[in-house]
Every structure is written in structure tokens, then in C-alpha cells.
Amino acid sequence: MVVGTDTLTQEVPYLGGKTELAFFVEGLRFPDKDFDGLVTINLSLLEPCGKGFPETPIFTDTVVFHVSPWIMTPNTLKPVEVYVCSTNDNYTFLKSIKNLVDKCGYKLKICHEYMNRGDRWIQDELEFGYIDSPHHQFPVVLDSPRDGDLQDFPYESILGPDFGYVTRHALNEEVSSLDSFGNLEVSPPVTVNGKSYPLGRIIIGVAFPTATRGRNMTQVVQDFLWAQKVQEPIALYSDWLVVGHVDEFMTFVPAPDRKKFRLLLASPDAGYKVFKSLQNNGHGKAEMFPVHILAISVNEILSDKKLQAENRYVQNCIDWNRDMLKKELGLDDEDIIDLPILFKVLEEKTGPRAVAYYPDMVNMIVLGDKLGVPKPFGPKVNGRCALETEVCSLLEPLGLKCTFIDDFAPYHKLLGEVHCGSNVLREPSPFKWWNLELRERD
């Protein structure tokens with residue numbers, strides 16, 4: 001080492017003639033709240049002046065390096081490898097994921113029980129991103145401060161040659177469910193009011209601005225995300241959910257037209273529309289959950305006034321986020337598809353919070369044009385689930401193919417779904433971050 005953290009200046013002998021000296025520079029820290037990512041190195045060629053006199057400079061130069069930011073990859077980028085956990089109760093789920101990944105031709109990495117220790121929520125433990133430079137790029141995993149039983153997996157099993165690792169520890173803050181990375185997403189590239197975001201924008205969920213007892217993503221993680229600058233974050237309101245993750249009510253899928261993607265939102269209104277249409281067409285006695293728990297008919301769902309009131313509240317929460325996403329991503333209503341999903345509200349110590357009433361279809365895995373969607377176990381009409389039919393009719397015109405995966409017992413009952421239980425390493429964006437004008441945080 002010539003210079004570094006402990007040695008800020010150093011003399012190197014000049015060998016004369018046409019000799020060249022090659023210096024190599026390595027970034028050791030990502031940009032963060034206290035470091036803008038810029039490193040300045042001054043070089044001076046000095047000439048001896050004679051005994052007792054200081055050397056005089058005959059040439060000086062300054063080089064400024066920018067440490068590569070950590071960059072997230074949206075659902076629209078090509079998958080490389082899918083990660084999923086094996087547990088003592090998810091064999092059927094695992095088989096469905098394996099079949100889907102095989103069909104797509106991607107790699108599958110299974111995190112076995114000796115490593116996950118029963119923690120199946122691999123989306124929550126880590127987020128894949130990458131770093132990039134003109135001569136080299138490689139993936140870097142961001143390890144969540146949630147630190148469940150999967151906590152050793154990113155460091156022990158993913159970190160390696162040309163695969164980096166970074167984490168942030170909450171020192172004086174309480175880590176909540178909002179620090180899990182089901183609560184960290186990124187949009188595809190967008191242009192908003194003439195301002196271009198060619199790498200997309202990071203999306204996190206926090207408490208409502210006026211909440212006094214709300215949960216938030218820890219400041220240390222937020223500071224890290226904002227400091228990367230190339231994917232300026234958007235904070236949504238997700239604390240209205242029991243688990244509190246943005247992936248419970250939104251995702252992005254590729255599309256052939258418009259902005260090359262669609263935003264999918266969970267929508268109780270769309271859900272009630274499906275159930276009312278079933279009732280109007282004489283299917284009021286058709287039942288939900290025919291195989292898993294006490295079956296309930298369309299008529300019973302529609303006559304449940306408490307459930308309706310709960311879903312009005314949920315729809316209001318999602319509409320607030322819808323307006324925020326339209327504004328911050330420059331979206332029109334035509335860029336958004338509402339999926340029919342009902343919620344129920346539970347009384348928590350800190351107030352009422354919502355969970356999905358049936359498997360939350362928006363919480364899907366996106367593998368190119370193939371989607372692994374939680375199987376909703378809706379009422380059957382002519383032998384086919386009416387909710388599946390509705391979702392296919394919304395997504396198939398975009399060239400997307402839906403595979404419905406039964407995650408009811410091993411995931412849905414534990415308040416998670418397909419996306420929560422999987423993770424996808426994707427190819428980096430073709431756009432080079434250094435071509436972006438780096439923005440200061442407002």
C-alpha cells in the first residue's frame with residue numbers, strides 16, 4: 001500500500017527515463033451520510049535542489065475518484081439466479097418454484113435448513129445490487145439489519161470473489177419489521193417532469209408523516225440508500241400493514257408498450273367488483289378456500305359489513321400511495337393495473353393494521369415474462385378460480401404468463417407470500433451510472 005486511511009502521504013522513488021509507475025486504487029467504503037464517495041489524490045513530481053534545500057515540484061496533478069454507488073436492479077432486468085429456502089414444511093412450494101425456474105432456464109440456489117435455521121423469509125434478509133466501473137462490475141448483496149435466523153447466509157454463502165457484501169447496523173435504534181427488505185424495492189427507469197432516472201428510483205415504506213407511534217425503516221439504512229444518489233428514493237406509507245412491507249401492495253412487471261412496465265397495485269375495490277359480478281351472475285354460493293380452511297361463500301363475503309369497512313380503510317391507504325407513485329414516477333392511470341385483493345384488519349397493541357384476507361397475488365416473483373403468483377383459492381366458476389381468471393385477463397394481454405403457486409400453509413398463514421419467500425439476482429442495467437448527473441439530496 002502506498003497511501004490509504006492511515007498513510008495519507010507517501011514518497012515513491014522516480015526511476016527516471018521512460019519508466020512508468022502504475023498505481024491501483026480500491027474503494028473500501030460506499031458513499032454514506034458522512035462520505036460523498038469522492039476521493040481526491042494529489043500527485044507531484046519533485047526535483048532535488050541540492051543538499052539542505054527542499055525538493056521543488058516540476059509537475060503536479062490531481063485525480064478525483066468516485067466510489068461506485070450500490071445500485072439496485074428492478075423486476076424488468078433479466079434474472080440470473082433465483083434464491084429460495086428449504087424448510088420442513090415447504091416441499092410442494094419448493095417444487096413449484098423449481099419447475100417455474102427450470103421452465104425459464106435460470107439457475108436456482110436453495111438455502112438449506114442447516115443454514116436458514118427455519119427462517120424462510122429470504123427476501124427480507126437481503127437485497128441484491130451491484131457496483132460498476134468502466135473496467136469491472138460485480139454483484140453486491142446488502143444485508144438487512146433484521147438479522148433473523150438467516151443472518152449468516154449473506155456473509156457465509158454469498159460473499160466471495162467478485163461478489164461483494166455490505167451491511168448497516170442500527171446502533172441506537174430499534175429494528176422493526178420495516179427494516180426487512182420486502183420493504184425495499186426499486187422502480188424501472190422513469191422520466192418525471194423532464195428529470196430522467198435511467199436506473200429507476202428506490203422505494204421504501206415508512207410510517208405516515210403525522211403518526212406518533214409509527215414504525216420506520218432505521219435511519220442508518222435510509223441514510224445509506226439516499227447517499228447512493230443514482231436511484232433517488234421515494235418513501236411510501238406502509239405502516240398500515242401488520243408486516244409493513246411495500247411488496248404487500250405493489251410490484252412492477254415488464255410490458256411491451258408505454259413506459260415498458262406496469263405498476264401492479266393491490267385493490268380491495270377491484271376485489272369487491274369481482275365478487276359482486278359473481279353474485280350478479282348467480283354464483284353467490286361459490287366458495288373461497290375450498291381446501292384449506294372453513295370455506296366461505298361469495299354471498300357471505302359480500303354481506304360482511306365489518307370486512308367492507310376494513311377494506312375501505314385499506315383502499316384509502318393504497319390510494320395515498322398510488323397518488324405518491326403517480327407523482328414521483330410520472331405515471332398515468334394507464335400505467336397502473338389494479339389486482340383484486342381483499343384485506344382484513346387486526347387489532348394490534350399500537351392500533352389496527354391489515355393483512356391479506358386470501359393469498360396476496362401482488363406479492364409475486366417476476367422472471368421475465370413469467371410470473372409466479374400466490375394461488376388465491378378463490379370461488380370456482382366452470383371449474384376455474386374466478387380470481388385467477390381475472391388476474392390472467394389483466395396480465396396476459398401484456399404477454400405475461402401466470403403460474404399460480406400454492407403458498408397457503410408455509411407462507412400465507414405466516415403473513416408472507418411467494419415474493420417474501422424468494423429472491424432474484426438480476427443482470428446489471430446497461431446504463432452506466434457515471435453518465436448521470438449526481439444529485440444532492442434536497
# chains A, B, ... in the order shown; residues from 1 in each chain; ligands from 1
call {"tool": "select_by_dssp", "arguments": {"residues": "segment 79-218 of chain A", "states": "strand (DSSP E or B)", "output": "PyMOL selection string"}}
result
chain A and resi 79-85+107-111+126-133+136-143+160+163-167+184-186+190-192+195-197+202-206
call {"tool": "write_last_selection", "arguments": {"atoms": "C-alpha atoms", "output": "PDB file, in the first residue's frame"}}
result
ATOM      1  CA  PRO A  79     -32.839 -12.754 -13.909  1.00  0.00           C
ATOM      2  CA  VAL A  80     -29.601 -14.701 -13.409  1.00  0.00           C
ATOM      3  CA  GLU A  81     -30.337 -16.824 -10.337  1.00  0.00           C
ATOM      4  CA  VAL A  82     -33.314 -17.412  -8.038  1.00  0.00           C
ATOM      5  CA  TYR A  83     -32.808 -17.971  -4.290  1.00  0.00           C
ATOM      6  CA  VAL A  84     -35.273 -19.806  -2.060  1.00  0.00           C
ATOM      7  CA  CYS A  85     -35.171 -21.537   1.352  1.00  0.00           C
ATOM      8  CA  LYS A 107     -30.306 -21.043 -12.064  1.00  0.00           C
ATOM      9  CA  LEU A 108     -31.835 -21.935  -8.693  1.00  0.00           C
ATOM     10  CA  LYS A 109     -29.960 -21.748  -5.398  1.00  0.00           C
ATOM     11  CA  ILE A 110     -31.597 -23.452  -2.430  1.00  0.00           C
ATOM     12  CA  CYS A 111     -30.636 -22.277   1.051  1.00  0.00           C
ATOM     13  CA  LEU A 126     -31.046  -9.408   1.784  1.00  0.00           C
ATOM     14  CA  GLU A 127     -31.244  -7.264  -1.340  1.00  0.00           C
ATOM     15  CA  PHE A 128     -29.127  -7.905  -4.416  1.00  0.00           C
ATOM     16  CA  GLY A 129     -27.487  -4.962  -6.154  1.00  0.00           C
ATOM     17  CA  TYR A 130     -24.225  -4.355  -7.983  1.00  0.00           C
ATOM     18  CA  ILE A 131     -21.296  -1.991  -8.408  1.00  0.00           C
ATOM     19  CA  ASP A 132     -19.965  -0.846 -11.738  1.00  0.00           C
ATOM     20  CA  SER A 133     -16.854   0.779 -13.205  1.00  0.00           C
ATOM     21  CA  HIS A 136     -15.213  -4.149 -13.972  1.00  0.00           C
ATOM     22  CA  GLN A 137     -18.614  -4.830 -12.398  1.00  0.00           C
ATOM     23  CA  PHE A 138     -19.937  -7.384  -9.948  1.00  0.00           C
ATOM     24  CA  PRO A 139     -22.957  -8.044  -7.703  1.00  0.00           C
ATOM     25  CA  VAL A 140     -23.043  -6.848  -4.090  1.00  0.00           C
ATOM     26  CA  VAL A 141     -25.540  -8.104  -1.518  1.00  0.00           C
ATOM     27  CA  LEU A 142     -26.966  -5.640   1.023  1.00  0.00           C
ATOM     28  CA  ASP A 143     -27.623  -7.474   4.293  1.00  0.00           C
ATOM     29  CA  GLY A 160     -16.898 -14.375  -2.413  1.00  0.00           C
ATOM     30  CA  PHE A 163     -19.452 -10.963  -5.179  1.00  0.00           C
ATOM     31  CA  GLY A 164     -19.424  -8.166  -2.609  1.00  0.00           C
ATOM     32  CA  TYR A 165     -21.170  -7.691   0.720  1.00  0.00           C
ATOM     33  CA  VAL A 166     -22.322  -4.603   2.614  1.00  0.00           C
ATOM     34  CA  THR A 167     -24.482  -4.129   5.699  1.00  0.00           C
ATOM     35  CA  LEU A 184     -37.157  -2.159  -0.183  1.00  0.00           C
ATOM     36  CA  GLU A 185     -37.975  -2.133  -3.909  1.00  0.00           C
ATOM     37  CA  VAL A 186     -36.840  -0.221  -6.996  1.00  0.00           C
ATOM     38  CA  VAL A 190     -38.615   6.598 -15.460  1.00  0.00           C
ATOM     39  CA  THR A 191     -38.670  10.236 -16.521  1.00  0.00           C
ATOM     40  CA  VAL A 192     -40.556  12.595 -14.217  1.00  0.00           C
ATOM     41  CA  LYS A 195     -35.999  14.670 -14.984  1.00  0.00           C
ATOM     42  CA  SER A 196     -34.538  11.330 -16.005  1.00  0.00           C
ATOM     43  CA  TYR A 197     -33.974   8.355 -13.648  1.00  0.00           C
ATOM     44  CA  ILE A 202     -35.659   3.145  -4.812  1.00  0.00           C
ATOM     45  CA  ILE A 203     -38.954   2.651  -2.948  1.00  0.00           C
ATOM     46  CA  ILE A 204     -39.207   2.142   0.821  1.00  0.00           C
ATOM     47  CA  GLY A 205     -42.104   2.088   3.271  1.00  0.00           C
ATOM     48  CA  VAL A 206     -42.310   4.222   6.428  1.00  0.00           C
TER      49      VAL A 206
END
call {"tool": "residues_around", "arguments": {"residues": "Pro397 of chain A", "least_positions_apart": "2", "cutoff": "12 Å", "atoms": "only C-alpha atoms", "output": "NGL selection string"}}
result
:A and (254-257 or 337 or 369 or 390-395 or 399-402)
call {"tool": "write_last_selection", "arguments": {"atoms": "N, CA, C and O atoms", "output": "short mmCIF file (atom, residue, chain, number, x, y, z; two decimals), in the first residue's frame"}}
result
data_model
loop_
_atom_site.label_atom_id
_atom_site.label_comp_id
_atom_site.auth_asym_id
_atom_site.auth_seq_id
_atom_site.Cartn_x
_atom_site.Cartn_y
_atom_site.Cartn_z
N PRO A 254 -42.77 -6.29 -16.47
CA PRO A 254 -42.41 -5.75 -17.78
C PRO A 254 -43.65 -5.66 -18.69
O PRO A 254 -44.60 -6.40 -18.52
N ALA A 255 -43.60 -4.71 -19.63
CA ALA A 255 -44.69 -4.55 -20.60
C ALA A 255 -44.08 -4.15 -21.94
O ALA A 255 -43.02 -3.53 -21.98
N PRO A 256 -44.76 -4.48 -23.04
CA PRO A 256 -44.17 -4.20 -24.36
C PRO A 256 -44.36 -2.76 -24.82
O PRO A 256 -43.73 -2.32 -25.77
N ASP A 257 -45.25 -2.02 -24.14
CA ASP A 257 -45.61 -0.69 -24.63
C ASP A 257 -45.47 0.38 -23.54
O ASP A 257 -44.94 0.11 -22.47
N ILE A 337 -52.14 -1.23 -13.02
CA ILE A 337 -53.16 -2.29 -13.07
C ILE A 337 -53.55 -2.65 -11.63
O ILE A 337 -52.67 -2.90 -10.79
N ASP A 369 -41.02 -12.73 -18.65
CA ASP A 369 -42.46 -12.65 -18.92
C ASP A 369 -43.25 -13.72 -18.17
O ASP A 369 -44.45 -13.88 -18.36
N GLU A 390 -59.48 -13.50 -13.48
CA GLU A 390 -59.42 -12.03 -13.55
C GLU A 390 -57.99 -11.54 -13.71
O GLU A 390 -57.69 -10.69 -14.55
N VAL A 391 -57.07 -12.08 -12.91
CA VAL A 391 -55.67 -11.64 -12.97
C VAL A 391 -55.06 -11.98 -14.33
O VAL A 391 -54.36 -11.15 -14.93
N CYS A 392 -55.35 -13.17 -14.84
CA CYS A 392 -54.83 -13.55 -16.17
C CYS A 392 -55.37 -12.62 -17.24
O CYS A 392 -54.63 -12.22 -18.15
N SER A 393 -56.64 -12.23 -17.13
CA SER A 393 -57.23 -11.35 -18.15
C SER A 393 -56.58 -9.96 -18.12
O SER A 393 -56.56 -9.26 -19.13
N LEU A 394 -56.04 -9.57 -16.97
CA LEU A 394 -55.37 -8.27 -16.85
C LEU A 394 -53.92 -8.32 -17.34
O LEU A 394 -53.41 -7.34 -17.88
N LEU A 395 -53.25 -9.46 -17.12
CA LEU A 395 -51.80 -9.53 -17.38
C LEU A 395 -51.43 -10.21 -18.69
O LEU A 395 -50.41 -9.87 -19.30
N GLY A 399 -48.48 -10.00 -22.64
CA GLY A 399 -47.52 -11.06 -22.99
C GLY A 399 -46.97 -11.78 -21.78
O GLY A 399 -45.96 -12.49 -21.87
N LEU A 400 -47.62 -11.60 -20.61
CA LEU A 400 -47.14 -12.23 -19.37
C LEU A 400 -47.88 -13.54 -19.13
O LEU A 400 -49.07 -13.66 -19.43
N LYS A 401 -47.14 -14.52 -18.57
CA LYS A 401 -47.75 -15.82 -18.30
C LYS A 401 -47.75 -16.05 -16.78
O LYS A 401 -46.69 -15.99 -16.15
N CYS A 402 -48.93 -16.32 -16.25
CA CYS A 402 -49.07 -16.50 -14.79
C CYS A 402 -49.03 -17.98 -14.41
O CYS A 402 -49.77 -18.79 -14.98
#
call {"tool": "closest_atom_pairs", "arguments": {"of": "segment 63-158 of chain A", "to": "segment 28-39 of chain A", "cutoff": "6 Å", "atoms": "only C-alpha atoms", "output": "JSON lines"}}
result
{"residue": "A:Val64", "atom": "CA", "partner": "A:Val39", "partner_atom": "CA", "distance": 5.6}
{"residue": "A:Phe65", "atom": "CA", "partner": "A:Val39", "partner_atom": "CA", "distance": 5.1}
{"residue": "A:His66", "atom": "CA", "partner": "A:Leu38", "partner_atom": "CA", "distance": 4.6}
{"residue": "A:Val67", "atom": "CA", "partner": "A:Gly37", "partner_atom": "CA", "distance": 5.0}
call {"tool": "residues_around", "arguments": {"residues": "Ser303 of chain A", "least_positions_apart": "5", "cutoff": "12 Å", "atoms": "only C-alpha atoms", "output": "PyMOL selection string"}}
result
chain A and resi 272+275-276+279+284+296-298+308-309
call {"tool": "write_last_selection", "arguments": {"atoms": "all heavy atoms", "output": "compact mmCIF listing (two decimals), in the first residue's frame"}}
result
# COMPACT_ATOMS: atom_id res chain seq x y z
N TYR A 272 -63.81 -6.47 -4.66
CA TYR A 272 -65.27 -6.44 -4.47
C TYR A 272 -66.01 -6.46 -5.80
O TYR A 272 -67.08 -7.02 -5.93
CB TYR A 272 -65.68 -5.23 -3.63
CG TYR A 272 -65.62 -5.53 -2.14
CD1 TYR A 272 -64.62 -5.02 -1.34
CD2 TYR A 272 -66.56 -6.40 -1.55
CE1 TYR A 272 -64.54 -5.34 0.02
CE2 TYR A 272 -66.49 -6.73 -0.20
CZ TYR A 272 -65.49 -6.20 0.58
OH TYR A 272 -65.42 -6.53 1.92
N PHE A 275 -66.27 -10.05 -6.84
CA PHE A 275 -67.25 -10.80 -6.03
C PHE A 275 -68.68 -10.37 -6.34
O PHE A 275 -69.59 -11.21 -6.42
CB PHE A 275 -66.93 -10.63 -4.54
CG PHE A 275 -65.70 -11.39 -4.11
CD1 PHE A 275 -64.55 -10.73 -3.71
CD2 PHE A 275 -65.68 -12.78 -4.14
CE1 PHE A 275 -63.40 -11.42 -3.34
CE2 PHE A 275 -64.53 -13.49 -3.76
CZ PHE A 275 -63.40 -12.81 -3.37
N LYS A 276 -68.90 -9.07 -6.57
CA LYS A 276 -70.26 -8.60 -6.91
C LYS A 276 -70.69 -9.13 -8.27
O LYS A 276 -71.85 -9.52 -8.46
CB LYS A 276 -70.30 -7.06 -6.90
CG LYS A 276 -70.43 -6.50 -5.49
CD LYS A 276 -70.27 -4.99 -5.47
CE LYS A 276 -70.21 -4.49 -4.02
NZ LYS A 276 -69.64 -3.14 -3.92
N GLN A 279 -71.77 -12.68 -7.85
CA GLN A 279 -73.10 -12.75 -7.23
C GLN A 279 -74.19 -12.41 -8.26
O GLN A 279 -75.20 -13.11 -8.37
CB GLN A 279 -73.17 -11.77 -6.06
CG GLN A 279 -74.41 -11.92 -5.19
CD GLN A 279 -74.42 -10.90 -4.06
OE1 GLN A 279 -74.33 -9.69 -4.31
NE2 GLN A 279 -74.50 -11.37 -2.82
N GLY A 284 -73.34 -16.73 -6.26
CA GLY A 284 -73.22 -16.28 -4.86
C GLY A 284 -72.87 -17.37 -3.88
O GLY A 284 -72.31 -17.12 -2.81
N ILE A 296 -65.93 -20.22 2.70
CA ILE A 296 -66.84 -19.08 2.87
C ILE A 296 -67.37 -18.67 1.50
O ILE A 296 -66.60 -18.62 0.53
CB ILE A 296 -66.12 -17.91 3.60
CG1 ILE A 296 -67.06 -16.75 3.81
CG2 ILE A 296 -64.87 -17.47 2.88
CD1 ILE A 296 -66.57 -15.75 4.84
N SER A 297 -68.66 -18.43 1.41
CA SER A 297 -69.26 -18.17 0.10
C SER A 297 -69.14 -16.71 -0.30
O SER A 297 -68.90 -15.83 0.53
CB SER A 297 -70.74 -18.57 0.12
OG SER A 297 -71.47 -17.62 0.88
N VAL A 298 -69.35 -16.46 -1.60
CA VAL A 298 -69.34 -15.09 -2.15
C VAL A 298 -70.40 -14.25 -1.42
O VAL A 298 -70.15 -13.11 -1.02
CB VAL A 298 -69.61 -15.13 -3.67
CG1 VAL A 298 -69.85 -13.73 -4.21
CG2 VAL A 298 -68.45 -15.80 -4.40
N GLN A 308 -66.13 -5.05 4.85
CA GLN A 308 -66.23 -3.95 3.88
C GLN A 308 -65.61 -2.67 4.44
O GLN A 308 -64.88 -1.96 3.74
CB GLN A 308 -67.70 -3.70 3.52
CG GLN A 308 -68.26 -4.71 2.53
CD GLN A 308 -69.71 -4.43 2.18
OE1 GLN A 308 -70.16 -3.30 2.24
NE2 GLN A 308 -70.45 -5.48 1.84
N ALA A 309 -65.91 -2.38 5.70
CA ALA A 309 -65.37 -1.17 6.33
C ALA A 309 -63.84 -1.24 6.40
O ALA A 309 -63.14 -0.26 6.13
CB ALA A 309 -65.96 -1.00 7.72
call {"tool": "closest_residue", "arguments": {"among": "A:Asp335, A:Glu11, A:Glu232, A:Asp162", "to": "Leu398 of chain A", "atoms": "only C-alpha atoms"}}
result
A:Asp335
call {"tool": "closest_atom_pairs", "arguments": {"of": "segment 228-311 of chain A", "to": "segment 342-360 of chain A", "cutoff": "10 Å", "atoms": "only C-alpha atoms", "output": "Markdown table"}}
result
| residue | atom | partner | partner_atom | distance |
| --- | --- | --- | --- | --- |
| A:Asp239 | CA | A:Arg353 | CA | 7.9 |
| A:Trp240 | CA | A:Arg353 | CA | 5.2 |
| A:Leu241 | CA | A:Ala354 | CA | 4.5 |
| A:Val242 | CA | A:Arg353 | CA | 5.0 |
| A:Val243 | CA | A:Val355 | CA | 7.7 |
| A:Gly244 | CA | A:Arg353 | CA | 8.7 |
| A:Asp247 | CA | A:Asp360 | CA | 9.8 |
| A:Glu248 | CA | A:Asp360 | CA | 7.0 |
| A:Phe249 | CA | A:Asp360 | CA | 8.2 |
| A:Ala266 | CA | A:Asp360 | CA | 7.8 |
| A:Ser267 | CA | A:Leu342 | CA | 7.1 |
| A:Pro268 | CA | A:Leu342 | CA | 4.7 |
| A:Asp269 | CA | A:Leu342 | CA | 8.2 |
| A:Ala270 | CA | A:Leu342 | CA | 8.7 |
| A:Gly271 | CA | A:Leu342 | CA | 5.9 |
| A:Tyr272 | CA | A:Leu342 | CA | 7.7 |
| A:Met288 | CA | A:Tyr358 | CA | 8.7 |
| A:Phe289 | CA | A:Tyr358 | CA | 8.2 |
| A:Lys306 | CA | A:Lys344 | CA | 9.1 |
| A:Leu307 | CA | A:Lys344 | CA | 6.4 |
| A:Gln308 | CA | A:Lys344 | CA | 9.1 |
| A:Ala309 | CA | A:Val345 | CA | 9.5 |
| A:Glu310 | CA | A:Val345 | CA | 5.9 |
| A:Asn311 | CA | A:Phe343 | CA | 6.1 |
call {"tool": "closest_residue", "arguments": {"among": "A:Leu45, A:Leu371, A:Met217, A:Cys317", "to": "Asn75 of chain A", "atoms": "only C-alpha atoms"}}
result
A:Leu371
call {"tool": "select_by_dssp", "arguments": {"residues": "segment 379-432 of chain A", "states": "alpha helix (DSSP H)", "output": "NGL selection string"}}
result
:A and (386-395)
call {"tool": "closest_residue", "arguments": {"among": "A:Thr76, A:Glu113, A:Val314, A:Asp319", "to": "Asp89 of chain A", "atoms": "only C-alpha atoms"}}
result
A:Glu113
call {"tool": "residues_around", "arguments": {"residues": "Gly200 of chain A", "least_positions_apart": "6", "cutoff": "12 Å", "atoms": "only C-alpha atoms", "output": "ChimeraX atom specification"}}
result
/A:71-77,185-192,229-234,252,259,261,328-330,429,431,433,436
call {"tool": "residues_around", "arguments": {"residues": "Val175 of chain A", "least_positions_apart": "4", "cutoff": "10 Å", "atoms": "only C-alpha atoms", "output": "number ranges by chain"}}
result
A: 144-147, 169-171, 179-180, 215-218
call {"tool": "atom_distance", "arguments": {"atom1": "atom CA of Glu156 of chain A", "atom2": "atom CA of Glu417 of chain A"}}
result
25.6 Å
